[in-house]
Amino acid sequence: MSFELFESFKEMSLKEWILWGVMLLLFVALIVFLVRRSKKKPAAAPQKGFDTRALVYGALCMALSFVLSYLRIVRMPQGGSITIASMLPIIVYAYWYGPGKGMIVGVAYALLQMIQDAYFVHPIQILFDYILAFGALGLAGFFKKNLYVGTVVAGLVRFVMHFLSGAIFFGEYAPAGVSPFIYSLGYQAEYLIPDIVICIVAAVLLKSTIDRLNPNKPAVKAA
């Protein structure tokens, strides 16, 4: 385990710098787009499919999560990091748009994670460590009245996915005499529990802002 806030930037390859730069530019462009759009028309009621607004917010939240995922406080030796609330933008998107769209955006974000820092040993391991783990962040959308509970549930389901993957595919790293399941439980808890706690703290601090920026909040009628 290594402490490396901002140290990961030094180890980035040219491909990662280019990808990170594109995502950052996209993030800035989307903010400008949203500011201009918000001045032209009030927020629309949520729709079943992905309208333009839902797509834009989804891309914005993915870009923000991707940028935050590079701000690693701790990086674990066999994968996994404590970050600066990198899960929260995806969770917030699910909180705004519901579990269906949230899980789709979570899976799309998983593909970015696979490009950023992938470690593959088996196709099923990819399913657990990426598709299911980050798709689970969309489960926060089932708790539209309580962002904090949604954050805990989404984080814990992600924890379960990594736990199963670690026990099944990385049991060889367990010390002699230690069950792969016990080893995986401790390993995943060492970084994911702090990561979940950071997300909860950030959610508490930003709750009023998150609700104010909600694109689906009812428009206030003039008296």
# chains A, B, ... in the order shown; residues from 1 in each chain; ligands from 1
>>> select_by_dssp(residues="region 80-205 of chain A", states="alpha helix (DSSP H)", output="PyMOL selection string")
chain A and resi 88-97+99-117+123-126+133-135+147-169+180-205
>>> residues_around(residues="Tyr97 (chain A)", least_positions_apart="3", cutoff="9 Å", atoms="only C-alpha atoms", output="PyMOL selection string")
chain A and resi 46+54+92-94+100-102+141+144+215-216
>>> write_last_selection(atoms="N, CA and C atoms", output="JSON list (two decimals), in the first residue's frame")
[["chain", "number", "residue", "atom", "x", "y", "z"],
["A", 46, "PRO", "N", -38.56, 14.85, -15.90],
["A", 46, "PRO", "CA", -37.79, 13.68, -16.30],
["A", 46, "PRO", "C", -38.52, 12.84, -17.33],
["A", 54, "ALA", "N", -30.29, 14.63, -20.14],
["A", 54, "ALA", "CA", -29.80, 13.46, -19.41],
["A", 54, "ALA", "C", -28.46, 13.00, -19.93],
["A", 92, "VAL", "N", -24.65, 10.69, -7.58],
["A", 92, "VAL", "CA", -25.51, 11.87, -7.68],
["A", 92, "VAL", "C", -26.36, 11.81, -8.96],
["A", 93, "TYR", "N", -25.75, 11.36, -10.05],
["A", 93, "TYR", "CA", -26.51, 11.23, -11.29],
["A", 93, "TYR", "C", -27.68, 10.25, -11.10],
["A", 94, "ALA", "N", -27.42, 9.12, -10.45],
["A", 94, "ALA", "CA", -28.49, 8.16, -10.18],
["A", 94, "ALA", "C", -29.54, 8.76, -9.25],
["A", 100, "GLY", "N", -32.18, 3.21, -13.32],
["A", 100, "GLY", "CA", -31.96, 2.71, -14.68],
["A", 100, "GLY", "C", -30.86, 3.49, -15.39],
["A", 101, "LYS", "N", -31.04, 4.79, -15.48],
["A", 101, "LYS", "CA", -30.04, 5.64, -16.13],
["A", 101, "LYS", "C", -28.74, 5.66, -15.32],
["A", 102, "GLY", "N", -28.89, 5.59, -14.00],
["A", 102, "GLY", "CA", -27.69, 5.60, -13.16],
["A", 102, "GLY", "C", -26.80, 4.40, -13.42],
["A", 141, "GLY", "N", -30.06, 5.38, -7.12],
["A", 141, "GLY", "CA", -31.29, 5.96, -7.66],
["A", 141, "GLY", "C", -32.56, 5.43, -7.03],
["A", 144, "LYS", "N", -34.18, 8.09, -3.81],
["A", 144, "LYS", "CA", -34.25, 9.48, -4.24],
["A", 144, "LYS", "C", -34.58, 10.44, -3.11],
["A", 215, "PRO", "N", -31.41, 18.69, -12.12],
["A", 215, "PRO", "CA", -32.07, 19.14, -13.34],
["A", 215, "PRO", "C", -33.55, 18.78, -13.39],
["A", 216, "ASN", "N", -34.00, 17.92, -12.49],
["A", 216, "ASN", "CA", -35.40, 17.48, -12.50],
["A", 216, "ASN", "C", -36.23, 18.07, -11.36]]
>>> residues_around(residues="Ala110 (chain A)", least_positions_apart="2", cutoff="10 Å", atoms="only C-alpha atoms", output="list in words")
Met62, Phe66, Ile104, Val105, Gly106, Val107, Ala108, Leu112, Gln113, Met114, Ile115, Gln116, Ala118, Ile126, Leu127, Asp129, Tyr130, Ile131, Leu132, Ala133, Phe134 and Gly135 of chain A
>>> residues_around(residues="region 166-179 of chain A", least_positions_apart="5", cutoff="9 Å", atoms="only C-alpha atoms", output="mmCIF file with C-alpha atoms, in the first residue's frame")
data_model
loop_
_atom_site.group_PDB
_atom_site.id
_atom_site.type_symbol
_atom_site.label_atom_id
_atom_site.label_comp_id
_atom_site.auth_asym_id
_atom_site.auth_seq_id
_atom_site.Cartn_x
_atom_site.Cartn_y
_atom_site.Cartn_z
ATOM 1 C CA GLN A 78 -3.238 -5.461 -6.233
ATOM 2 C CA VAL A 121 -7.072 -12.084 -15.357
ATOM 3 C CA HIS A 122 -10.404 -13.551 -16.512
ATOM 4 C CA GLN A 125 -13.308 -10.999 -13.195
ATOM 5 C CA ASP A 129 -14.530 -5.703 -10.908
ATOM 6 C CA MET A 161 -18.581 -7.258 -6.240
ATOM 7 C CA SER A 184 -10.429 -10.477 0.155
ATOM 8 C CA LEU A 185 -12.771 -9.111 2.814
ATOM 9 C CA TYR A 187 -8.231 -6.173 1.424
ATOM 10 C CA GLN A 188 -11.371 -4.622 -0.062
#
>>> select_by_dssp(residues="region 51-114 of chain A", states="strand (DSSP E or B)", output="list in words")
Arg72, Ile73, Val74, Arg75, Ser81, Ile82 and Thr83 of chain A
>>> closest_residue(among="A:Tyr148, A:Phe142, A:Phe120, A:Phe163", to="Met103 (chain A)", atoms="only C-alpha atoms")
A:Phe142
>>> atom_distance(atom1="CA of Leu55 (chain A)", atom2="CA of Thr151 (chain A)")
21.7 Å
>>> closest_residue(among="A:Val204, A:Val56, A:Ile193, A:Cys199", to="Asn146 (chain A)", atoms="only C-alpha atoms")
A:Val204
